[in-house]
Amino acid sequence: MGKMAFVFPGQGAQYVGMGKEICENYEMASEIFEQASEAVGYDMKKLCFEGPEEELRKTENTQPAILTTCIAISKILEKEGIKPHVSAGLSLGEYASLVIANMMDFKDSVALVKKRGKYMQEAVALGVGTMAAILGMDKDILEEVLELSKEFGVVEAANFNSPGQIVISGEVKAVEKACEIAKEKGAKKAVILPVSAPFHCSMLIPAGEKLSGELENVQLREGNIPVLSNAQNKYYTLDATRDFLVQQVSKSVLWVDNVEKMINDGVDTFVEIGPGKSLSGFIKKIAKKLGKKVNTYNISDMKTLNDTIHVLKG
């Protein structure tokens with residue numbers, strides 16, 4: 001067996017009920033939710049387990065909720081002696097990686113991502129920005145599309161999720177125009193996403209600046225496992241941590257590059273921890289393009305937890 005990576009999802013993976021079963025069965029998971037409640041000032045269990053969905057979907061609630069669920073599950077794996085050689089996360093998921101690598105305390109990180117969510121939401125007035133998924137289009141052709149759309153406003157590549165799935169972000173008119181041009185140039189699909197802000201583009205630079213101020217008050221440490229940066233596709237160092245986290249708010253999420261780097265560094269087993277399972281799908285497509293065989297597991301409830309522990313310890 002080669003190396004194992006823990007990977008963590010970003011915003012959009014949340015659902016009402018996430019983490020409930022795990023908490024009912026593991027005291028240590030329940031304690032993580034209690035710590036989160038103290039850090040953010042509201043009942044994290046109630047939010048995650050009961051919703052309502054509109055509250056859970058608010059960016060400043062979504063981010064700490066997903067992070068809490070991810071860490072609650074990770075702690076159980078740690079207790080079972082299952083530890084990764086490396087970790088990465090999609091946008092918000094990067095914070096879970098930093099926590100499991102012991103680069104940041106959980107309580108600090110959950111309070112920080114609540115503020116991160118708030119700053120990201122406030123950076124652009126509602127209705128001014130949006131995002132869209134472009135499916136089945138080569139990266140180079142998409143760059144041409146974005147160039148042609150720029151006369152209508154800000155529009156940039158936000159997420160390189162998998163071969164054939166790139167998310168763009170920017171001002172509404174420019175994003176809509178880019179979708180039109182992408183379809184004309186052969187994209188299989190160009191779909192406006194139901195998001196409240198244009199994440200991971202230059203319009204979010206003010207949010208990164210506010211986050212930078214918050215990071216001055218957070219204690220950071222050297223990690224005990226390597227963690228990959230979305231913004232730079234480099235491994236974190238203590239000196240670079242604040243810069244990487246600030247850049248991550250307004251720069252593209254280089255997920256394809258992150259996964260390729262982990263595979264090329266010897267990772268053949270990926271464990272996706274937390275709600276949703278989109279990362280596993282992305283990873284399989286990225287590995288296939290590289291001509292590599294990888295194993296992917298997803299843990300979000302008791303069945304998937306038990307099945308994965310059985311396989312990894314088997």
# chains A, B, ... in the order shown; residues from 1 in each chain; ligands from 1
>>> residues_around(residues="stretch 41-49 of chain A", least_positions_apart="6", cutoff="6 Å", atoms="only C-alpha atoms", output="JSON, numbers by chain")
{"A": [16, 17, 18, 20]}
>>> residues_around(residues="stretch 113-122 of chain A", least_positions_apart="3", cutoff="10 Å", atoms="only C-alpha atoms", output="MDAnalysis selection string")
chainID A and resid 11 39:40 58:65 67 92 95 108:110 125:126 196:200 203:212 214 246 249:250
>>> closest_residue(among="A:Thr241, A:Thr308, A:Ser300, A:Gln232", to="A:Glu21", atoms="only C-alpha atoms")
A:Ser300
>>> residues_around(residues="A:Leu279", least_positions_apart="5", cutoff="8 Å", atoms="only C-alpha atoms", output="list in words")
Val7, Phe8, Pro9 and Glu272 of chain A
>>> residues_around(residues="A:Lys234", least_positions_apart="4", cutoff="9 Å", atoms="only C-alpha atoms", output="VMD selection string")
chain A and resid 227 to 230 258 261
>>> residues_around(residues="A:Lys313", least_positions_apart="2", cutoff="10 Å", atoms="only C-alpha atoms", output="number ranges by chain")
A: 80-82, 308-311
>>> atom_distance(atom1="atom CA of A:Lys183", atom2="atom CA of A:Ser252")
21.8 Å
>>> residues_around(residues="A:Asn295", least_positions_apart="4", cutoff="8 Å", atoms="only C-alpha atoms", output="PyMOL selection string")
chain A and resi 268-270
>>> write_last_selection(atoms="N, CA, C and O atoms", output="compact mmCIF listing (two decimals), in the first residue's frame")
# COMPACT_ATOMS: atom_id res chain seq x y z
N ASP A 268 -1.96 6.68 -2.90
CA ASP A 268 -2.86 5.85 -3.70
C ASP A 268 -4.19 5.58 -2.98
O ASP A 268 -5.07 4.91 -3.51
N THR A 269 -4.33 6.11 -1.76
CA THR A 269 -5.57 5.95 -1.00
C THR A 269 -6.05 7.31 -0.49
O THR A 269 -5.29 8.01 0.19
N PHE A 270 -7.26 7.67 -0.87
CA PHE A 270 -7.84 8.96 -0.46
C PHE A 270 -9.07 8.69 0.39
O PHE A 270 -9.97 7.96 -0.03
>>> residues_around(residues="A:Asn306", least_positions_apart="4", cutoff="12 Å", atoms="only C-alpha atoms", output="list of chain:residue names")
A:Ile22, A:Asn25, A:Ile73, A:Ile76, A:Leu77, A:Glu80, A:Tyr297, A:Asn298, A:Ile299, A:Ser300, A:Asp301, A:Met302, A:His310, A:Val311, A:Leu312, A:Lys313, A:Gly314
>>> write_last_selection(atoms="all heavy atoms", output="CSV table (one decimal), in the first residue's frame")
chain,number,residue,atom,x,y,z
A,22,ILE,N,-23.0,10.1,14.1
A,22,ILE,CA,-21.6,10.0,14.6
A,22,ILE,C,-21.6,10.4,16.1
A,22,ILE,O,-21.0,9.8,17.0
A,22,ILE,CB,-20.6,10.8,13.8
A,22,ILE,CG1,-20.7,10.4,12.3
A,22,ILE,CG2,-19.2,10.7,14.4
A,22,ILE,CD1,-19.8,9.3,11.8
A,25,ASN,N,-23.1,8.1,18.7
A,25,ASN,CA,-22.3,6.9,18.9
A,25,ASN,C,-20.9,7.1,19.5
A,25,ASN,O,-20.3,6.2,20.0
A,25,ASN,CB,-22.2,6.1,17.6
A,25,ASN,CG,-23.4,5.4,17.2
A,25,ASN,OD1,-23.7,4.3,17.7
A,25,ASN,ND2,-24.3,6.0,16.4
A,73,ILE,N,-15.3,13.5,12.9
A,73,ILE,CA,-15.0,12.2,12.3
A,73,ILE,C,-13.5,11.9,12.3
A,73,ILE,O,-13.1,10.8,12.6
A,73,ILE,CB,-15.6,12.2,10.8
A,73,ILE,CG1,-17.1,12.3,10.8
A,73,ILE,CG2,-15.2,10.9,10.1
A,73,ILE,CD1,-17.7,12.6,9.4
A,76,ILE,N,-12.2,10.3,15.5
A,76,ILE,CA,-12.5,8.9,15.6
A,76,ILE,C,-11.5,8.1,14.9
A,76,ILE,O,-10.9,7.1,15.4
A,76,ILE,CB,-13.9,8.6,15.1
A,76,ILE,CG1,-15.0,9.4,16.0
A,76,ILE,CG2,-14.2,7.1,15.2
A,76,ILE,CD1,-16.3,9.5,15.3
A,77,LEU,N,-11.1,8.5,13.7
A,77,LEU,CA,-10.1,7.8,12.9
A,77,LEU,C,-8.8,7.8,13.6
A,77,LEU,O,-8.1,6.8,13.7
A,77,LEU,CB,-10.0,8.4,11.5
A,77,LEU,CG,-11.2,8.3,10.6
A,77,LEU,CD1,-10.9,9.0,9.3
A,77,LEU,CD2,-11.5,6.8,10.3
A,80,GLU,N,-8.7,5.3,16.3
A,80,GLU,CA,-8.6,4.0,15.7
A,80,GLU,C,-7.2,3.7,15.2
A,80,GLU,O,-6.9,2.6,14.6
A,80,GLU,CB,-9.6,3.8,14.6
A,80,GLU,CG,-11.1,3.8,15.1
A,80,GLU,CD,-11.4,2.5,15.8
A,80,GLU,OE1,-10.7,1.5,15.7
A,80,GLU,OE2,-12.5,2.5,16.5
A,297,TYR,N,-12.4,6.4,-0.4
A,297,TYR,CA,-13.4,6.1,0.6
A,297,TYR,C,-14.0,7.4,1.0
A,297,TYR,O,-13.3,8.5,1.0
A,297,TYR,CB,-12.7,5.4,1.8
A,297,TYR,CG,-12.0,4.1,1.4
A,297,TYR,CD1,-10.6,4.2,1.1
A,297,TYR,CD2,-12.7,2.9,1.2
A,297,TYR,CE1,-9.9,3.0,0.7
A,297,TYR,CE2,-12.0,1.8,0.7
A,297,TYR,CZ,-10.6,1.9,0.5
A,297,TYR,OH,-9.9,0.7,0.1
A,298,ASN,N,-15.2,7.3,1.4
A,298,ASN,CA,-15.9,8.5,1.9
A,298,ASN,C,-16.6,8.2,3.2
A,298,ASN,O,-17.2,7.2,3.4
A,298,ASN,CB,-17.0,8.9,0.8
A,298,ASN,CG,-18.1,9.8,1.4
A,298,ASN,OD1,-19.1,9.3,1.7
A,298,ASN,ND2,-17.8,11.1,1.5
A,299,ILE,N,-16.4,9.1,4.2
A,299,ILE,CA,-17.0,8.9,5.5
A,299,ILE,C,-17.9,10.0,5.9
A,299,ILE,O,-17.4,11.2,6.0
A,299,ILE,CB,-15.9,8.7,6.6
A,299,ILE,CG1,-14.9,7.6,6.2
A,299,ILE,CG2,-16.6,8.4,8.0
A,299,ILE,CD1,-13.8,7.5,7.2
A,300,SER,N,-19.2,9.7,6.1
A,300,SER,CA,-20.1,10.8,6.5
A,300,SER,C,-21.1,10.3,7.5
A,300,SER,O,-21.8,11.1,8.1
A,300,SER,CB,-20.9,11.3,5.3
A,300,SER,OG,-21.6,10.3,4.6
A,301,ASP,N,-21.2,9.0,7.7
A,301,ASP,CA,-22.2,8.5,8.7
A,301,ASP,C,-21.6,7.2,9.3
A,301,ASP,O,-20.5,6.8,9.0
A,301,ASP,CB,-23.5,8.2,8.1
A,301,ASP,CG,-23.5,7.3,6.8
A,301,ASP,OD1,-22.5,6.6,6.7
A,301,ASP,OD2,-24.4,7.3,6.0
A,302,MET,N,-22.4,6.5,10.2
A,302,MET,CA,-21.9,5.3,10.9
A,302,MET,C,-21.5,4.2,9.9
A,302,MET,O,-20.5,3.5,10.1
A,302,MET,CB,-22.9,4.8,11.9
A,302,MET,CG,-22.9,5.7,13.2
A,302,MET,SD,-21.2,5.8,14.0
A,302,MET,CE,-20.9,4.1,14.4
A,310,HIS,N,-12.9,-0.8,8.8
A,310,HIS,CA,-12.8,-2.2,8.5
A,310,HIS,C,-11.7,-2.4,7.4
A,310,HIS,O,-10.8,-3.2,7.5
A,310,HIS,CB,-14.1,-2.8,8.2
A,310,HIS,CG,-14.0,-4.3,7.9
A,310,HIS,ND1,-13.8,-5.2,8.8
A,310,HIS,CD2,-14.1,-4.9,6.7
A,310,HIS,CE1,-13.7,-6.4,8.2
A,310,HIS,NE2,-13.9,-6.3,6.9
A,311,VAL,N,-11.9,-1.7,6.3
A,311,VAL,CA,-11.0,-1.8,5.1
A,311,VAL,C,-9.6,-1.4,5.5
A,311,VAL,O,-8.6,-2.1,5.2
A,311,VAL,CB,-11.5,-1.1,3.9
A,311,VAL,CG1,-10.5,-1.1,2.8
A,311,VAL,CG2,-12.8,-1.7,3.4
A,312,LEU,N,-9.5,-0.2,6.1
A,312,LEU,CA,-8.2,0.4,6.3
A,312,LEU,C,-7.4,-0.3,7.4
A,312,LEU,O,-6.2,-0.4,7.4
A,312,LEU,CB,-8.3,1.9,6.7
A,312,LEU,CG,-8.8,2.8,5.6
A,312,LEU,CD1,-9.0,4.2,6.0
A,312,LEU,CD2,-8.0,2.7,4.3
A,313,LYS,N,-8.1,-0.9,8.4
A,313,LYS,CA,-7.4,-1.7,9.4
A,313,LYS,C,-7.3,-3.2,9.1
A,313,LYS,O,-6.6,-3.9,9.8
A,313,LYS,CB,-8.1,-1.5,10.8
A,313,LYS,CG,-8.0,-0.1,11.3
A,313,LYS,CD,-8.7,0.0,12.6
A,313,LYS,CE,-7.8,-0.5,13.8
A,313,LYS,NZ,-8.4,-0.2,15.1
A,314,GLY,N,-8.0,-3.6,8.0
A,314,GLY,CA,-8.1,-5.0,7.7
A,314,GLY,C,-6.8,-5.6,7.3
A,314,GLY,O,-6.6,-6.8,7.5
